[in-house]
Amino acid sequence: MVRIRLRRVGLKGQPSYRLVAADKESPRDGKFLEILGFYNPRTEPFTFDVKEDRIYDWMSKGAQPSDSVMQLFNSVGLMERFNRVKGGESLDAVLADA
């Protein structure tokens, strides 16, 4: 099973994260399938840069976001846009609204 989750990068005490698609059994900082974005909680407001079209593609194939990633997706409205795409709206129209 594929999970969309955070992979820790950065210096000791200064974490930043990559958003990756990885196998559920692989370690947190281990092997992954694709880098989907970047998250930095240390900036004010936090930095969250993702490739939404690739996230939608992975989720449509059955990838499940982790709990922390789901909270991030909800805070930026990505899950609402994904539900619109799943409901039949075109990807281009949804990404233009973002």
# chains A, B, ... in the order shown; residues from 1 in each chain; ligands from 1
call {"tool": "closest_atom_pairs", "arguments": {"of": "region 9-39 of chain A", "to": "region 63-81 of chain A", "cutoff": "12 Å", "atoms": "only C-alpha atoms", "output": "CSV"}}
result
residue,atom,partner,partner_atom,distance
A:Tyr17,CA,A:Val69,CA,10.8
A:Arg18,CA,A:Val69,CA,10.8
A:Leu19,CA,A:Val69,CA,8.2
A:Val20,CA,A:Pro65,CA,9.9
A:Ala21,CA,A:Ala63,CA,7.8
A:Ala22,CA,A:Ala63,CA,9.0
A:Asp23,CA,A:Ala63,CA,9.3
A:Lys24,CA,A:Gln64,CA,9.4
A:Arg28,CA,A:Ser66,CA,11.6
A:Leu33,CA,A:Ala63,CA,11.5
A:Leu36,CA,A:Val69,CA,11.7
A:Gly37,CA,A:Val69,CA,11.3
A:Phe38,CA,A:Val69,CA,11.3
A:Tyr39,CA,A:Leu72,CA,9.2
call {"tool": "select_by_dssp", "arguments": {"residues": "region 37-80 of chain A", "states": "strand (DSSP E or B)", "output": "list in words"}}
result
Gly37, Phe38, Tyr39, Asn40, Thr47, Phe48, Asp49, Val50, Gln64 and Pro65 of chain A
call {"tool": "write_last_selection", "arguments": {"atoms": "N, CA, C and O atoms", "output": "PDB file, in the first residue's frame"}}
result
ATOM      1  N   GLY A  37       6.329  17.231  -2.934  1.00  0.00           N
ATOM      2  CA  GLY A  37       6.317  18.613  -2.470  1.00  0.00           C
ATOM      3  C   GLY A  37       7.255  18.844  -1.308  1.00  0.00           C
ATOM      4  O   GLY A  37       8.099  18.016  -0.980  1.00  0.00           O
ATOM      5  N   PHE A  38       7.064  20.001  -0.664  1.00  0.00           N
ATOM      6  CA  PHE A  38       7.937  20.460   0.402  1.00  0.00           C
ATOM      7  C   PHE A  38       7.109  21.165   1.466  1.00  0.00           C
ATOM      8  O   PHE A  38       6.163  21.889   1.141  1.00  0.00           O
ATOM      9  N   TYR A  39       7.471  20.964   2.735  1.00  0.00           N
ATOM     10  CA  TYR A  39       6.781  21.602   3.854  1.00  0.00           C
ATOM     11  C   TYR A  39       7.807  22.087   4.859  1.00  0.00           C
ATOM     12  O   TYR A  39       8.679  21.338   5.279  1.00  0.00           O
ATOM     13  N   ASN A  40       7.722  23.381   5.219  1.00  0.00           N
ATOM     14  CA  ASN A  40       8.613  23.949   6.225  1.00  0.00           C
ATOM     15  C   ASN A  40       7.772  24.588   7.320  1.00  0.00           C
ATOM     16  O   ASN A  40       7.190  25.654   7.120  1.00  0.00           O
ATOM     17  N   THR A  47       5.513  27.208   5.108  1.00  0.00           N
ATOM     18  CA  THR A  47       5.687  27.059   3.665  1.00  0.00           C
ATOM     19  C   THR A  47       5.208  25.669   3.267  1.00  0.00           C
ATOM     20  O   THR A  47       5.636  24.672   3.836  1.00  0.00           O
ATOM     21  N   PHE A  48       4.304  25.619   2.282  1.00  0.00           N
ATOM     22  CA  PHE A  48       3.769  24.342   1.818  1.00  0.00           C
ATOM     23  C   PHE A  48       3.650  24.418   0.306  1.00  0.00           C
ATOM     24  O   PHE A  48       2.768  25.083  -0.221  1.00  0.00           O
ATOM     25  N   ASP A  49       4.564  23.770  -0.396  1.00  0.00           N
ATOM     26  CA  ASP A  49       4.610  23.803  -1.852  1.00  0.00           C
ATOM     27  C   ASP A  49       4.481  22.374  -2.365  1.00  0.00           C
ATOM     28  O   ASP A  49       5.328  21.534  -2.059  1.00  0.00           O
ATOM     29  N   VAL A  50       3.415  22.091  -3.117  1.00  0.00           N
ATOM     30  CA  VAL A  50       3.174  20.728  -3.594  1.00  0.00           C
ATOM     31  C   VAL A  50       2.840  20.723  -5.081  1.00  0.00           C
ATOM     32  O   VAL A  50       2.429  21.734  -5.645  1.00  0.00           O
ATOM     33  N   GLN A  64      -2.931   6.569   0.249  1.00  0.00           N
ATOM     34  CA  GLN A  64      -3.588   7.142   1.422  1.00  0.00           C
ATOM     35  C   GLN A  64      -2.655   8.145   2.095  1.00  0.00           C
ATOM     36  O   GLN A  64      -1.508   7.818   2.394  1.00  0.00           O
ATOM     37  N   PRO A  65      -3.115   9.373   2.368  1.00  0.00           N
ATOM     38  CA  PRO A  65      -2.274  10.314   3.111  1.00  0.00           C
ATOM     39  C   PRO A  65      -2.189   9.925   4.585  1.00  0.00           C
ATOM     40  O   PRO A  65      -3.155   9.397   5.147  1.00  0.00           O
TER      41      PRO A  65
END
call {"tool": "atom_distance", "arguments": {"atom1": "CA of Gly62 (chain A)", "atom2": "CA of Asp29 (chain A)"}}
result
21.7 Å
call {"tool": "residues_around", "arguments": {"residues": "Phe82 (chain A)", "least_positions_apart": "4", "cutoff": "9 Å", "atoms": "only C-alpha atoms", "output": "PyMOL selection string"}}
result
chain A and resi 52+55-56+59+77-78+86-87+94
call {"tool": "write_last_selection", "arguments": {"atoms": "C-alpha atoms", "output": "mmCIF file, in the first residue's frame"}}
result
data_model
loop_
_atom_site.group_PDB
_atom_site.id
_atom_site.type_symbol
_atom_site.label_atom_id
_atom_site.label_comp_id
_atom_site.auth_asym_id
_atom_site.auth_seq_id
_atom_site.Cartn_x
_atom_site.Cartn_y
_atom_site.Cartn_z
ATOM 1 C CA GLU A 52 -1.205 19.053 -6.804
ATOM 2 C CA ILE A 55 -0.980 14.210 -5.549
ATOM 3 C CA TYR A 56 -4.375 13.841 -7.245
ATOM 4 C CA MET A 59 -4.693 9.486 -4.570
ATOM 5 C CA GLY A 77 -7.984 23.205 1.095
ATOM 6 C CA LEU A 78 -6.395 20.491 -1.028
ATOM 7 C CA LYS A 86 -13.235 13.205 -8.102
ATOM 8 C CA GLY A 87 -16.746 14.572 -8.620
ATOM 9 C CA VAL A 94 -9.684 23.189 -10.175
#
call {"tool": "atom_distance", "arguments": {"atom1": "CA of Val2 (chain A)", "atom2": "CA of Arg84 (chain A)"}}
result
22.3 Å
call {"tool": "select_by_dssp", "arguments": {"residues": "chain A", "states": "alpha helix (DSSP H)", "output": "PyMOL selection string"}}
result
chain A and resi 52-60+67-76+78-86+91-97
call {"tool": "write_last_selection", "arguments": {"atoms": "N, CA, C and O atoms", "output": "CSV table (one decimal), in the first residue's frame"}}
result
chain,number,residue,atom,x,y,z
A,52,GLU,N,0.2,19.5,-7.0
A,52,GLU,CA,-1.2,19.1,-6.8
A,52,GLU,C,-1.6,18.0,-7.8
A,52,GLU,O,-2.3,17.0,-7.5
A,53,ASP,N,-1.2,18.2,-9.1
A,53,ASP,CA,-1.7,17.2,-10.1
A,53,ASP,C,-1.1,15.8,-9.8
A,53,ASP,O,-1.8,14.8,-10.0
A,54,ARG,N,0.1,15.7,-9.3
A,54,ARG,CA,0.7,14.4,-9.0
A,54,ARG,C,0.1,13.8,-7.7
A,54,ARG,O,-0.1,12.6,-7.6
A,55,ILE,N,-0.3,14.7,-6.7
A,55,ILE,CA,-1.0,14.2,-5.5
A,55,ILE,C,-2.3,13.6,-5.9
A,55,ILE,O,-2.7,12.6,-5.5
A,56,TYR,N,-3.1,14.3,-6.8
A,56,TYR,CA,-4.4,13.8,-7.2
A,56,TYR,C,-4.2,12.5,-8.0
A,56,TYR,O,-5.0,11.6,-7.8
A,57,ASP,N,-3.1,12.4,-8.8
A,57,ASP,CA,-2.9,11.2,-9.5
A,57,ASP,C,-2.6,10.0,-8.6
A,57,ASP,O,-3.2,8.9,-8.7
A,58,TRP,N,-1.8,10.2,-7.6
A,58,TRP,CA,-1.5,9.1,-6.6
A,58,TRP,C,-2.7,8.8,-5.8
A,58,TRP,O,-3.0,7.6,-5.5
A,59,MET,N,-3.5,9.8,-5.4
A,59,MET,CA,-4.7,9.5,-4.6
A,59,MET,C,-5.8,8.8,-5.4
A,59,MET,O,-6.5,7.9,-4.9
A,60,SER,N,-5.8,9.1,-6.7
A,60,SER,CA,-6.8,8.4,-7.5
A,60,SER,C,-6.4,6.9,-7.7
A,60,SER,O,-7.2,6.1,-8.0
A,67,ASP,N,-1.9,10.8,8.7
A,67,ASP,CA,-2.7,11.7,9.5
A,67,ASP,C,-2.2,13.1,9.5
A,67,ASP,O,-2.9,14.1,9.3
A,68,SER,N,-0.8,13.3,9.6
A,68,SER,CA,-0.3,14.6,9.6
A,68,SER,C,-0.4,15.3,8.2
A,68,SER,O,-0.7,16.5,8.1
A,69,VAL,N,-0.3,14.5,7.2
A,69,VAL,CA,-0.4,15.0,5.8
A,69,VAL,C,-1.9,15.4,5.6
A,69,VAL,O,-2.2,16.4,5.0
A,70,MET,N,-2.8,14.6,6.1
A,70,MET,CA,-4.2,14.9,5.9
A,70,MET,C,-4.6,16.3,6.6
A,70,MET,O,-5.3,17.1,6.1
A,71,GLN,N,-4.0,16.5,7.8
A,71,GLN,CA,-4.2,17.8,8.5
A,71,GLN,C,-3.7,19.0,7.6
A,71,GLN,O,-4.3,20.0,7.5
A,72,LEU,N,-2.5,18.8,7.0
A,72,LEU,CA,-1.9,19.8,6.1
A,72,LEU,C,-2.8,20.0,4.9
A,72,LEU,O,-3.1,21.2,4.5
A,73,PHE,N,-3.3,18.9,4.3
A,73,PHE,CA,-4.2,19.1,3.1
A,73,PHE,C,-5.4,19.8,3.5
A,73,PHE,O,-5.9,20.6,2.7
A,74,ASN,N,-6.0,19.5,4.6
A,74,ASN,CA,-7.2,20.2,5.0
A,74,ASN,C,-7.0,21.7,5.3
A,74,ASN,O,-7.9,22.5,5.0
A,75,SER,N,-5.8,22.0,5.9
A,75,SER,CA,-5.6,23.4,6.2
A,75,SER,C,-5.4,24.3,5.0
A,75,SER,O,-5.7,25.5,5.0
A,76,VAL,N,-4.9,23.7,3.9
A,76,VAL,CA,-4.7,24.5,2.7
A,76,VAL,C,-5.9,24.3,1.6
A,76,VAL,O,-5.8,24.8,0.6
A,78,LEU,N,-6.7,21.4,0.0
A,78,LEU,CA,-6.4,20.5,-1.0
A,78,LEU,C,-7.4,19.3,-1.1
A,78,LEU,O,-7.7,18.9,-2.2
A,79,MET,N,-7.9,18.9,0.0
A,79,MET,CA,-8.9,17.8,0.0
A,79,MET,C,-10.2,18.2,-0.6
A,79,MET,O,-10.8,17.4,-1.3
A,80,GLU,N,-10.6,19.4,-0.4
A,80,GLU,CA,-11.8,19.9,-1.0
A,80,GLU,C,-11.7,19.9,-2.5
A,80,GLU,O,-12.6,19.6,-3.3
A,81,ARG,N,-10.5,20.4,-3.0
A,81,ARG,CA,-10.3,20.4,-4.4
A,81,ARG,C,-10.2,19.0,-5.0
A,81,ARG,O,-10.7,18.8,-6.1
A,82,PHE,N,-9.6,18.1,-4.3
A,82,PHE,CA,-9.5,16.7,-4.7
A,82,PHE,C,-10.9,16.1,-4.9
A,82,PHE,O,-11.2,15.4,-5.8
A,83,ASN,N,-11.8,16.4,-3.9
A,83,ASN,CA,-13.2,15.9,-4.0
A,83,ASN,C,-13.9,16.5,-5.2
A,83,ASN,O,-14.8,15.8,-5.8
A,84,ARG,N,-13.6,17.8,-5.6
A,84,ARG,CA,-14.2,18.3,-6.8
A,84,ARG,C,-13.7,17.6,-8.0
A,84,ARG,O,-14.5,17.4,-9.0
A,85,VAL,N,-12.4,17.3,-8.1
A,85,VAL,CA,-11.9,16.6,-9.2
A,85,VAL,C,-12.5,15.2,-9.3
A,85,VAL,O,-12.9,14.7,-10.4
A,86,LYS,N,-12.6,14.5,-8.1
A,86,LYS,CA,-13.2,13.2,-8.1
A,86,LYS,C,-14.7,13.3,-8.5
A,86,LYS,O,-15.2,12.3,-9.1
A,91,LEU,N,-9.5,19.0,-14.1
A,91,LEU,CA,-8.3,19.3,-13.3
A,91,LEU,C,-7.8,20.7,-13.6
A,91,LEU,O,-7.4,21.4,-12.6
A,92,ASP,N,-7.8,21.1,-14.8
A,92,ASP,CA,-7.3,22.5,-15.1
A,92,ASP,C,-8.2,23.6,-14.4
A,92,ASP,O,-7.6,24.5,-13.9
A,93,ALA,N,-9.5,23.4,-14.4
A,93,ALA,CA,-10.3,24.4,-13.7
A,93,ALA,C,-10.1,24.4,-12.2
A,93,ALA,O,-10.1,25.5,-11.6
A,94,VAL,N,-9.9,23.3,-11.6
A,94,VAL,CA,-9.7,23.2,-10.2
A,94,VAL,C,-8.3,23.8,-9.8
A,94,VAL,O,-8.2,24.5,-8.8
A,95,LEU,N,-7.3,23.5,-10.6
A,95,LEU,CA,-6.0,24.1,-10.4
A,95,LEU,C,-5.9,25.5,-10.6
A,95,LEU,O,-5.2,26.3,-9.9
A,96,ALA,N,-6.7,26.0,-11.5
A,96,ALA,CA,-6.8,27.5,-11.7
A,96,ALA,C,-7.4,28.2,-10.5
A,96,ALA,O,-7.0,29.3,-10.2
A,97,ASP,N,-8.4,27.6,-9.9
A,97,ASP,CA,-9.0,28.2,-8.7
A,97,ASP,C,-8.0,28.2,-7.5
A,97,ASP,O,-8.1,29.0,-6.6
